[in-house]
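Engineer: TSV, C-alpha atoms, file protein-v1.tsv:
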chain	number	residue	atom	x	y	z
Z	1	MET	CA	13.71	-5.92	9.86
Z	2	ARG	CA	13.11	-9.56	10.68
Z	3	ILE	CA	9.91	-11.10	9.32
Z	4	PHE	CA	8.01	-13.84	11.13
Z	5	THR	CA	5.18	-15.40	9.14
Z	6	SER	CA	3.80	-17.46	12.03
Z	7	LEU	CA	4.03	-17.63	15.80
Z	8	SER	CA	6.27	-20.67	15.49
Z	9	ASP	CA	8.82	-18.53	13.61
Z	10	VAL	CA	9.39	-16.32	16.66
Z	11	PRO	CA	12.61	-17.44	18.39
Z	12	ALA	CA	12.30	-18.62	21.96
Z	13	ASP	CA	14.66	-15.85	23.12
Z	14	PHE	CA	12.82	-13.02	21.35
Z	15	GLY	CA	11.91	-10.08	23.56
Z	16	PRO	CA	11.01	-8.70	25.97
Z	17	SER	CA	9.34	-6.43	23.45
Z	18	VAL	CA	7.26	-3.39	22.67
Z	19	VAL	CA	4.37	-4.40	20.40
Z	20	THR	CA	1.86	-2.64	18.20
Z	21	ILE	CA	-1.01	-4.41	16.43
Z	22	GLY	CA	-3.04	-3.47	13.37
Z	23	LYS	CA	-3.88	-4.00	9.71
Z	24	PHE	CA	-1.39	-1.33	8.58
Z	25	ASP	CA	-3.02	-1.16	5.14
Z	26	GLY	CA	-0.98	1.29	3.10
Z	27	VAL	CA	1.39	2.10	5.99
Z	28	HIS	CA	0.16	5.70	5.96
Z	29	GLU	CA	1.28	8.62	8.12
Z	30	GLY	CA	-0.84	7.43	11.05
Z	31	HIS	CA	0.82	4.02	10.89
Z	32	ARG	CA	4.25	5.60	10.54
Z	33	ALA	CA	3.64	7.69	13.63
Z	34	MET	CA	2.66	4.54	15.52
Z	35	VAL	CA	5.83	2.71	14.48
Z	36	HIS	CA	7.93	5.76	15.37
Z	37	ARG	CA	6.42	5.73	18.85
Z	38	LEU	CA	7.02	1.98	18.98
Z	39	ARG	CA	10.70	2.40	18.20
Z	40	THR	CA	11.28	5.29	20.59
Z	41	THR	CA	9.52	3.43	23.41
Z	42	ALA	CA	11.55	0.30	22.71
Z	43	ALA	CA	14.81	2.26	22.64
Z	44	ALA	CA	13.99	4.02	25.90
Z	45	HIS	CA	13.40	0.69	27.66
Z	46	LYS	CA	16.07	-1.28	25.75
Z	47	LEU	CA	13.45	-3.65	24.36
Z	48	ALA	CA	12.79	-5.18	20.95
Z	49	SER	CA	10.21	-3.46	18.73
Z	50	ILE	CA	7.73	-5.56	16.76
Z	51	VAL	CA	4.72	-4.86	14.57
Z	52	VAL	CA	1.96	-7.48	14.57
Z	53	THR	CA	-0.23	-7.46	11.48
Z	54	PHE	CA	-2.35	-9.83	9.39
Z	55	ASP	CA	-2.02	-11.50	5.99
Z	56	ARG	CA	-5.42	-10.08	4.97
Z	57	ASN	CA	-8.10	-7.73	6.19
Z	58	PRO	CA	-10.05	-9.66	8.88
Z	59	LEU	CA	-13.26	-8.51	7.18
Z	60	SER	CA	-12.37	-10.65	4.16
Z	61	LEU	CA	-13.19	-13.64	6.35
Z	62	LEU	CA	-15.72	-12.18	8.78
Z	63	ARG	CA	-17.78	-9.94	6.45
Z	64	PRO	CA	-16.50	-10.31	2.88
Z	65	GLU	CA	-19.47	-8.39	1.45
Z	66	VAL	CA	-18.23	-5.16	3.07
Z	67	CYS	CA	-14.48	-5.79	2.99
Z	68	PRO	CA	-12.71	-2.97	1.11
Z	69	GLU	CA	-10.08	-3.60	-1.53
Z	70	PRO	CA	-6.63	-3.41	0.11
Z	71	LEU	CA	-4.36	-0.48	-0.64
Z	72	VAL	CA	-1.33	-2.78	-0.78
Z	73	SER	CA	-0.50	-6.47	-0.88
Z	74	THR	CA	1.14	-8.20	2.07
Z	75	GLU	CA	4.46	-8.13	0.24
Z	76	GLN	CA	4.15	-4.39	-0.37
Z	77	LYS	CA	3.12	-3.83	3.24
Z	78	LEU	CA	6.22	-5.61	4.48
Z	79	ASP	CA	8.41	-3.49	2.20
Z	80	LEU	CA	6.79	-0.33	3.55
Z	81	LEU	CA	7.08	-1.48	7.16
Z	82	ALA	CA	10.74	-2.34	6.63
Z	83	ALA	CA	11.33	1.30	5.69
Z	84	THR	CA	9.96	2.38	9.09
Z	85	ASP	CA	12.64	0.18	10.71
Z	86	PRO	CA	11.06	-1.84	13.53
Z	87	ASP	CA	13.16	-4.77	14.72
Z	88	ALA	CA	10.59	-7.27	13.45
Z	89	THR	CA	7.15	-7.77	11.96
Z	90	LEU	CA	4.92	-10.75	12.72
Z	91	VAL	CA	2.35	-11.57	10.02
Z	92	LEU	CA	-0.50	-13.60	11.46
Z	93	THR	CA	-2.65	-15.72	9.18
Z	94	PHE	CA	-6.17	-14.50	9.83
Z	95	ASP	CA	-8.11	-17.75	9.65
Z	96	ARG	CA	-11.17	-19.07	11.42
Z	97	SER	CA	-9.09	-20.30	14.35
Z	98	LEU	CA	-7.60	-16.87	15.01
Z	99	ALA	CA	-10.97	-15.19	14.47
Z	100	GLU	CA	-12.53	-17.32	17.20
Z	101	GLU	CA	-9.91	-16.68	19.87
Z	102	THR	CA	-11.15	-14.85	22.94
Z	103	PRO	CA	-9.37	-11.65	23.97
Z	104	GLU	CA	-7.70	-13.60	26.77
Z	105	GLU	CA	-6.48	-16.30	24.37
Z	106	PHE	CA	-5.15	-13.74	21.89
Z	107	VAL	CA	-3.18	-11.93	24.57
Z	108	ARG	CA	-1.69	-15.15	25.91
Z	109	THR	CA	-0.91	-16.88	22.61
Z	110	VAL	CA	0.37	-13.80	20.75
Z	111	LEU	CA	1.50	-11.09	23.13
Z	112	VAL	CA	2.62	-12.92	26.23
Z	113	GLU	CA	4.10	-16.31	25.36
Z	114	PRO	CA	5.96	-15.75	22.06
Z	115	LEU	CA	6.64	-11.98	22.18
Z	116	ARG	CA	7.05	-11.45	25.93
Z	117	ALA	CA	5.36	-8.06	25.60
Z	118	ALA	CA	6.36	-5.43	28.14
Z	119	VAL	CA	4.52	-2.56	26.42
Z	120	VAL	CA	1.67	-2.68	23.89
Z	121	LEU	CA	0.80	0.34	21.74
Z	122	VAL	CA	-2.68	0.65	20.21
Z	123	GLY	CA	-5.09	3.25	18.87
Z	124	ALA	CA	-8.10	4.42	20.86
Z	125	ASP	CA	-10.52	2.37	18.74
Z	126	PHE	CA	-8.56	-0.89	18.99
Z	127	ARG	CA	-10.68	-4.06	19.14
Z	128	PHE	CA	-9.54	-7.66	19.33
Z	129	GLY	CA	-10.74	-11.17	20.03
Z	130	ALA	CA	-13.78	-13.03	18.71
Z	131	LYS	CA	-16.50	-10.64	17.48
Z	132	GLY	CA	-14.38	-7.69	18.60
Z	133	ALA	CA	-15.14	-8.47	22.23
Z	134	GLY	CA	-11.90	-6.94	23.48
Z	135	SER	CA	-11.46	-3.17	23.82
Z	136	VAL	CA	-8.61	-0.97	24.99
Z	137	GLU	CA	-10.01	-1.29	28.51
Z	138	THR	CA	-9.96	-5.08	28.18
Z	139	LEU	CA	-6.35	-4.94	27.03
Z	140	ILE	CA	-5.37	-2.74	30.00
Z	141	GLU	CA	-6.98	-5.22	32.40
Z	142	LEU	CA	-5.20	-8.15	30.77
Z	143	GLY	CA	-1.96	-6.18	30.80
Z	144	ALA	CA	-2.26	-5.78	34.55
Z	145	THR	CA	-2.70	-9.54	34.85
Z	146	HIS	CA	0.15	-10.51	32.54
Z	147	GLY	CA	2.60	-7.73	33.38
Z	148	PHE	CA	2.58	-5.44	30.35
Z	149	GLU	CA	1.75	-1.75	30.02
Z	150	VAL	CA	-0.73	-0.40	27.45
Z	151	LEU	CA	-0.13	2.94	25.75
Z	152	VAL	CA	-2.87	4.54	23.65
Z	153	VAL	CA	-1.47	6.53	20.73
Z	154	ASP	CA	-3.46	9.46	19.33
Z	155	ASP	CA	-4.60	9.47	15.72
Z	156	VAL	CA	-2.74	11.55	13.16
Z	157	THR	CA	-4.96	14.19	11.58
Z	158	ALA	CA	-4.62	16.20	8.37
Z	159	VAL	CA	-4.66	19.99	8.23
Z	160	ASP	CA	-8.46	20.00	8.01
Z	161	GLY	CA	-8.69	17.94	11.21
Z	162	ARG	CA	-9.81	14.73	9.52
Z	163	ARG	CA	-8.25	11.51	10.79
Z	164	VAL	CA	-5.74	9.96	8.42
Z	165	SER	CA	-7.08	6.54	7.47
Z	166	SER	CA	-6.83	3.84	4.83
Z	167	SER	CA	-10.50	4.46	3.98
Z	168	TRP	CA	-9.85	8.12	3.20
Z	169	ILE	CA	-6.84	7.24	1.03
Z	170	ARG	CA	-8.91	4.66	-0.84
Z	171	GLU	CA	-11.55	7.33	-1.45
Z	172	LEU	CA	-8.97	9.74	-2.87
Z	173	LEU	CA	-7.44	7.13	-5.17
Z	174	SER	CA	-10.90	6.19	-6.43
Z	175	GLU	CA	-11.24	9.81	-7.57
Z	176	GLY	CA	-7.76	9.98	-9.10
Z	177	ARG	CA	-6.50	12.36	-6.42
Z	178	VAL	CA	-3.14	10.66	-6.13
Z	179	ALA	CA	-1.19	13.73	-5.00
Z	180	GLU	CA	-3.52	14.15	-2.00
Z	181	ALA	CA	-3.28	10.44	-1.25
Z	182	ALA	CA	0.52	10.68	-1.31
Z	183	ARG	CA	0.44	13.37	1.38
Z	184	LEU	CA	-1.51	11.05	3.67
Z	185	LEU	CA	0.67	8.07	2.81
Z	186	GLY	CA	3.94	9.93	3.22
Z	187	ALA	CA	5.00	8.65	-0.23
Z	188	PRO	CA	3.46	8.17	-3.68
Z	189	HIS	CA	0.92	5.36	-3.86
Z	190	THR	CA	2.45	2.39	-5.66
Z	191	ILE	CA	1.13	-0.63	-7.51
Z	192	ARG	CA	3.21	-3.64	-8.55
Z	193	GLY	CA	2.71	-5.95	-11.50
Z	194	THR	CA	4.27	-8.10	-14.19
Z	195	VAL	CA	4.90	-6.61	-17.64
Z	196	VAL	CA	3.04	-8.49	-20.38
Z	197	HIS	CA	2.66	-8.16	-24.14
Z	198	GLY	CA	0.01	-5.68	-25.24
Z	199	HIS	CA	-1.38	-4.52	-28.58
Z	200	GLN	CA	1.74	-2.33	-29.16
Z	201	ARG	CA	-0.42	0.59	-30.24
Z	202	GLY	CA	1.67	2.93	-28.12
Z	203	ARG	CA	4.80	1.82	-29.96
Z	204	GLN	CA	3.11	2.56	-33.28
Z	205	LEU	CA	2.32	6.08	-32.06
Z	206	GLY	CA	5.89	6.66	-30.90
Z	207	TYR	CA	5.19	6.03	-27.20
Z	208	PRO	CA	6.05	2.41	-26.34
Z	209	THR	CA	4.50	1.25	-23.09
Z	210	ALA	CA	5.02	-1.42	-20.47
Z	211	ASN	CA	1.65	-3.11	-20.07
Z	212	LEU	CA	0.91	-4.56	-16.64
Z	213	SER	CA	-0.91	-7.85	-16.18
Z	214	ARG	CA	-4.51	-7.84	-14.96
Z	215	GLU	CA	-3.46	-9.06	-11.54
Z	216	VAL	CA	-1.55	-6.28	-9.81
Z	217	ASP	CA	-0.63	-5.66	-6.19
Z	218	GLY	CA	-2.10	-2.50	-4.76
Z	219	PHE	CA	-5.19	-0.38	-5.25
Z	220	VAL	CA	-5.47	0.88	-8.85
Z	221	PRO	CA	-6.48	4.56	-9.04
Z	222	ALA	CA	-9.30	5.94	-11.19
Z	223	ASP	CA	-9.07	5.77	-14.97
Z	224	GLY	CA	-6.97	8.52	-16.49
Z	225	VAL	CA	-3.45	9.65	-17.34
Z	226	TYR	CA	-0.90	10.22	-14.59
Z	227	ALA	CA	2.61	11.49	-14.00
Z	228	ALA	CA	4.39	8.62	-12.28
Z	229	TRP	CA	7.64	6.84	-11.60
Z	230	LEU	CA	8.28	3.41	-13.11
Z	231	THR	CA	10.76	1.28	-11.18
Z	232	ALA	CA	12.27	-1.60	-13.12
Z	233	ARG	CA	15.42	-3.53	-12.20
Z	234	ASP	CA	15.84	-1.20	-9.21
Z	235	ILE	CA	16.10	1.85	-11.51
Z	236	ARG	CA	13.47	4.59	-11.35
Z	237	TYR	CA	12.26	6.14	-14.62
Z	238	PRO	CA	9.90	9.10	-15.13
Z	239	ALA	CA	6.75	7.82	-16.76
Z	240	ALA	CA	3.39	8.66	-18.29
Z	241	VAL	CA	0.84	6.12	-17.09
Z	242	SER	CA	-2.56	5.43	-18.63
Z	243	ILE	CA	-5.33	3.52	-16.86
Z	244	GLY	CA	-8.50	2.54	-18.71
Z	245	ASN	CA	-9.71	0.82	-21.86
Z	246	ASN	CA	-8.42	3.45	-24.32
Z	247	PRO	CA	-11.73	4.31	-26.02
Z	248	THR	CA	-9.99	5.70	-29.13
Z	249	PHE	CA	-9.51	2.09	-30.27
Z	250	GLU	CA	-12.32	-0.38	-30.76
Z	251	GLY	CA	-12.49	-3.74	-29.04
Z	252	ILE	CA	-10.53	-2.97	-25.85
Z	253	VAL	CA	-12.86	-4.25	-23.16
Z	254	ASP	CA	-10.54	-4.82	-20.23
Z	255	ARG	CA	-9.13	-2.05	-18.12
Z	256	GLN	CA	-5.44	-1.66	-18.92
Z	257	ILE	CA	-2.47	-0.14	-17.10
Z	258	GLU	CA	0.19	1.13	-19.49
Z	259	ALA	CA	3.39	2.92	-18.49
Z	260	HIS	CA	5.54	4.85	-20.97
Z	261	ALA	CA	9.05	5.34	-19.61
Z	262	ILE	CA	10.20	8.80	-20.71
Z	263	ASP	CA	13.56	8.90	-22.53
Z	264	ALA	CA	14.14	5.17	-21.95
Z	265	ALA	CA	13.88	2.07	-24.12
Z	266	PHE	CA	14.16	-1.46	-22.81
Z	267	ASP	CA	12.64	-4.92	-22.94
Z	268	ILE	CA	11.18	-5.82	-19.56
Z	269	TYR	CA	8.58	-8.41	-20.54
Z	270	ASP	CA	7.77	-10.85	-17.71
Z	271	GLU	CA	9.55	-8.65	-15.17
Z	272	VAL	CA	7.90	-7.22	-12.05
Z	273	VAL	CA	7.79	-3.42	-11.91
Z	274	ASP	CA	6.47	-0.77	-9.55
Z	275	VAL	CA	4.39	2.21	-10.68
Z	276	SER	CA	4.28	5.12	-8.22
Z	277	PHE	CA	1.66	7.79	-8.92
Z	278	VAL	CA	2.59	11.46	-8.56
Z	279	GLU	CA	-0.13	13.58	-10.15
Z	280	TYR	CA	-3.36	13.23	-12.16
Z	281	ILE	CA	-3.07	14.73	-15.64
Z	282	ARG	CA	-6.41	14.17	-17.37
Z	283	GLY	CA	-9.31	11.80	-17.77
Z	284	MET	CA	-9.59	8.97	-20.27
Z	285	ARG	CA	-11.42	10.09	-23.39
Z	286	LYS	CA	-11.99	9.09	-27.01
Z	287	PHE	CA	-10.09	10.94	-29.74
Z	288	PRO	CA	-11.13	11.12	-33.45
Z	289	GLY	CA	-8.21	8.90	-34.39
Z	290	PRO	CA	-4.62	7.79	-33.63
Z	291	ASP	CA	-3.05	11.01	-34.91
Z	292	GLU	CA	-5.07	13.18	-32.53
Z	293	LEU	CA	-4.28	10.79	-29.69
Z	294	ALA	CA	-0.55	10.99	-30.48
Z	295	VAL	CA	-0.67	14.80	-30.33
Z	296	GLN	CA	-2.37	14.63	-26.93
Z	297	MET	CA	0.16	12.08	-25.70
Z	298	GLY	CA	2.93	14.48	-26.66
Z	299	ALA	CA	1.24	17.26	-24.69
Z	300	ASP	CA	0.77	14.90	-21.74
Z	301	GLU	CA	4.46	14.02	-21.79
Z	302	ASP	CA	5.48	17.69	-21.86
Z	303	GLN	CA	3.32	18.34	-18.79
Z	304	ILE	CA	4.64	15.25	-17.01
Z	305	ARG	CA	8.25	16.27	-17.71
Z	306	THR	CA	7.57	19.57	-15.96
Z	307	ILE	CA	5.90	17.89	-12.97
Z	308	LEU	CA	8.69	15.34	-12.51
Z	309	GLY	CA	11.54	17.75	-13.22
Z	310	VAL	CA	12.62	16.03	-16.44
Z	311	PRO	CA	14.32	18.22	-19.12
Z	312	PRO	CA	12.33	18.87	-22.31
Z	313	LYS	CA	12.89	16.70	-25.36
Z	314	ALA	CA	16.17	17.50	-27.09
Z	315	HIS	CA	14.45	18.81	-30.23
Z	316	GLN	CA	12.32	21.32	-28.36
What is this structure when it is put down as C-alpha cells?
Structural biologist:
Amino acid sequence: MRIFTSLSDVPADFGPSVVTIGKFDGVHEGHRAMVHRLRTTAAAHKLASIVVTFDRNPLSLLRPEVCPEPLVSTEQKLDLLAATDPDATLVLTFDRSLAEETPEEFVRTVLVEPLRAAVVLVGADFRFGAKGAGSVETLIELGATHGFEVLVVDDVTAVDGRRVSSSWIRELLSEGRVAEAARLLGAPHTIRGTVVHGHQRGRQLGYPTANLSREVDGFVPADGVYAAWLTARDIRYPAAVSIGNNPTFEGIVDRQIEAHAIDAAFDIYDEVVDVSFVEYIRGMRKFPGPDELAVQMGADEDQIRTILGVPPKAHQ
C-alpha cells in the first residue's frame, strides 16, 4: 500500500481511481467491508483503489469538548489499512483550512484533481464540507457534474442487529469487554508503547513485566488483568497484562500498563512493543500482601495459558 501524507504527494499520473472517505478509527469490520468493496469495484473497472482518511478526528478541531479518544493512532491505522490491501491511502491533515472548504471545493481539490475519481464509495450517513453541509445527495449531484459515480455501502451489523461502530467498540473496551470488541474489530484490540523502567515489583514476585510508558498509542481498556499477546522485535509472546495502579502497594498513583511475557525473558527497555488484548481475566483489587498477590498471579497465568493455548508450566 502506498501512503500519501498530503495532496502534493499524489503523483500526477495517479488514477483514475475508486475512492472511499472516512475516519476509519480502529479499522473495524464495517471499515473492512468498505475497503473490500473498494477493491472489488476497482478491480472490476481496472482502476486504482484509494482510502482517504484524516490525521485526527475532525471533532478534535471542530468540537474538542465532545471528541472521543481515538481507538488507534494514525500510525496504527495505516498498519491496519495496509492489511486490507488498498492500492493507496491518503492521509489529509484536518486543519482549519480543510474544515472550511465547501463541499464543492472538497470534491474538486481532493477527489477530482489529484485522485481523478471515477467511483466514490461512502456510507449512508456521510457528511463533508464546512459544517457538514454536504450529504450523500450533494455528492451524487457533484459526481454528475464532475463525472464520477457514487455508491452507497450498507452498514455492517452484529448478530443483534446493532451497527458496528467505533463508538460501540470504545464502549466495550471501557468496560473491559475486549473479546467482544475483537469480534467487531476483526482482530484483537492493540495498543503500542515504549517499554520503560518500573518499580520491578513483578520481578521480585517471580513475574517480571514490561512496563509501558504513560504515552501509548491506542485506546487503553478498563483496569484489570487480561490474557494478551505481547509483540516485541516482531515476535509474538503470550502475556498476562495488568492495567491499573496496583492497590496492593502503597504510593502508586499513576495508572500503569504491565505485560508479563509467559515463558520468556528478555531486556526490551526503550523498545516499542504491541499489546493485543484477548480476554478479560479479573478486576484490579488490593491483596493483603505480596505473597497473596503472587499466588493470584500464578492462578491468573494458569488461566491465561489455557485461553491462549500455552502448555502448563513444566513443573505442573
Engineer: With all atoms listed in the file as the basis for distance, which of Z:Val310, Z:Val275, Z:Val152, Z:Ala48 is at the shortest distance from Asp263 of chain Z?
Structural biologist: Z:Val310
Engineer: Under the rule that all atoms listed in the file are counted, which of Z:Thr53, Z:Thr93, Z:Ser242, Z:Thr231 is the nearest residue to Ala264 of chain Z?
Structural biologist: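 Looking at the shortest contact to Ala264 of chain Z, the residue is Z:Thr231.
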Engineer: Could you check which of Z:Thr102, Z:Thr84, Z:Gln76, Z:Asn245 is closest to Asp25 of chain Z, using all atoms listed in the file?
Structural biologist: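 Smallest distance to Asp25 of chain Z is found for Z:Gln76.
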Engineer: Within 7 Å of Asp87 of chain Z, counting only C-alpha atoms, which residues qualify if same-chain residues fewer than 4 places away don't, as a list in words?
Structural biologist: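 Here the answer would be Met1, Arg2, Ala48, Ser49 and Ile50 of chain Z.
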Engineer: Smallest atom-to-atom distance to Val112 of chain Z: which of Z:Ala33, Z:Leu142, Z:Leu212, Z:Met297, using only C-alpha atoms?
Structural biologist: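 Under the stated criterion, the closest residue is Z:Leu142.
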Engineer: For Ala179 of chain Z, which of Z:Ala228, Z:Leu71, Z:Ile235, Z:Ile262 is the closest residue, counting all atoms listed in the file?
Structural biologist: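 Under the stated criterion, the closest residue is Z:Ala228.
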Engineer: Closest to Ala43 of chain Z among Z:Val119, Z:Val273, Z:Val10, Z:Ile3, using all atoms listed in the file?
Structural biologist: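 Closest residue, counting all atoms listed in the file: Z:Val119.
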Engineer: For Thr190 of chain Z, work out the shell of residues within 12 Å, counting all atoms listed in the file and skipping chain neighbours fewer than 2 positions away, then give it as a PyMOL selection string.
Structural biologist: chain Z and resi 26-27+71-73+76-77+79-80+173+178-179+181-182+185-188+192-193+216-221+228-231+273-278
Engineer: Please indicate the distance in Å from atom CA of His197 of chain Z to atom CA of Gln256 of chain Z, rounded to one decimal place.
Structural biologist: 11.6 Å
Engineer: What's the 10 Å shell around segment 155-157 of chain Z, counting all atoms listed in the file, without same-chain residues fewer than 2 positions away, as a PDB file with C-alpha atoms, keeping the file's coordinate frame?
Structural biologist:
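That gives us part-v5.pdb:
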ATOM      1  CA  HIS Z  28       0.160   5.700   5.960  1.00  0.00           C
ATOM      2  CA  GLU Z  29       1.280   8.620   8.120  1.00  0.00           C
ATOM      3  CA  GLY Z  30      -0.840   7.430  11.050  1.00  0.00           C
ATOM      4  CA  HIS Z  31       0.820   4.020  10.890  1.00  0.00           C
ATOM      5  CA  ARG Z  32       4.250   5.600  10.540  1.00  0.00           C
ATOM      6  CA  ALA Z  33       3.640   7.690  13.630  1.00  0.00           C
ATOM      7  CA  MET Z  34       2.660   4.540  15.520  1.00  0.00           C
ATOM      8  CA  GLY Z 123      -5.090   3.250  18.870  1.00  0.00           C
ATOM      9  CA  ALA Z 124      -8.100   4.420  20.860  1.00  0.00           C
ATOM     10  CA  ASP Z 125     -10.520   2.370  18.740  1.00  0.00           C
ATOM     11  CA  VAL Z 152      -2.870   4.540  23.650  1.00  0.00           C
ATOM     12  CA  VAL Z 153      -1.470   6.530  20.730  1.00  0.00           C
ATOM     13  CA  VAL Z 159      -4.660  19.990   8.230  1.00  0.00           C
ATOM     14  CA  ASP Z 160      -8.460  20.000   8.010  1.00  0.00           C
ATOM     15  CA  GLY Z 161      -8.690  17.940  11.210  1.00  0.00           C
ATOM     16  CA  ARG Z 162      -9.810  14.730   9.520  1.00  0.00           C
ATOM     17  CA  ARG Z 163      -8.250  11.510  10.790  1.00  0.00           C
ATOM     18  CA  VAL Z 164      -5.740   9.960   8.420  1.00  0.00           C
ATOM     19  CA  SER Z 165      -7.080   6.540   7.470  1.00  0.00           C
ATOM     20  CA  LEU Z 184      -1.510  11.050   3.670  1.00  0.00           C
TER      21      LEU Z 184
END
Engineer: Residues of segment 173-242 of chain Z that have any atom at most 10 Å from an atom of segment 283-286 of chain Z: could you tabulate them with the shortest-distance atom pair and the distance in Å to one decimal, using all atoms listed in the file, ordered by chain and increasing number, as CSV?
Structural biologist:
residue,atom,partner,partner_atom,distance
Z:Gly176,CA,Z:Gly283,CA,9.0
Z:Ala222,CA,Z:Gly283,CA,8.8
Z:Asp223,CA,Z:Met284,CA,6.2
Z:Gly224,CA,Z:Gly283,CA,4.2
Z:Val225,CA,Z:Gly283,CA,6.3
Z:Tyr226,CA,Z:Gly283,CA,9.1
Z:Ser242,CA,Z:Met284,CA,8.0
Engineer: Provide the atom CA of Arg236 of chain Z to atom CA of Ala261 of chain Z distance in Å, to one decimal place.
Structural biologist: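 It comes out at 9.4 Å.
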Engineer: Write out as a JSON list (two decimals) with C-alpha atoms, in the frame of the given file the residues lying within 10 Å of Asn211 of chain Z, counting all atoms listed in the file and excluding same-chain residues fewer than 4 positions away.
Structural biologist:
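Result file is result13.json:
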[["chain", "number", "residue", "atom", "x", "y", "z"],
["Z", 193, "GLY", "CA", 2.71, -5.95, -11.50],
["Z", 194, "THR", "CA", 4.27, -8.10, -14.19],
["Z", 195, "VAL", "CA", 4.90, -6.61, -17.64],
["Z", 196, "VAL", "CA", 3.04, -8.49, -20.38],
["Z", 197, "HIS", "CA", 2.66, -8.16, -24.14],
["Z", 198, "GLY", "CA", 0.01, -5.68, -25.24],
["Z", 199, "HIS", "CA", -1.38, -4.52, -28.58],
["Z", 200, "GLN", "CA", 1.74, -2.33, -29.16],
["Z", 241, "VAL", "CA", 0.84, 6.12, -17.09],
["Z", 242, "SER", "CA", -2.56, 5.43, -18.63],
["Z", 256, "GLN", "CA", -5.44, -1.66, -18.92],
["Z", 257, "ILE", "CA", -2.47, -0.14, -17.10],
["Z", 258, "GLU", "CA", 0.19, 1.13, -19.49],
["Z", 259, "ALA", "CA", 3.39, 2.92, -18.49],
["Z", 260, "HIS", "CA", 5.54, 4.85, -20.97],
["Z", 268, "ILE", "CA", 11.18, -5.82, -19.56],
["Z", 269, "TYR", "CA", 8.58, -8.41, -20.54]]
Engineer: Tell me, as a PyMOL selection string, which residues lie within 7 Å of Leu92 of chain Z, counting all atoms listed in the file; anything in the same chain fewer than 2 positions away does not count.
Structural biologist: chain Z and resi 5-6+53-55+90+94
Engineer: Please report the interatomic distance between atom CA of Asn246 of chain Z and atom CA of Gly289 of chain Z in Å with one decimal.
Structural biologist: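 Here the two named atoms are 11.5 Å from each other.
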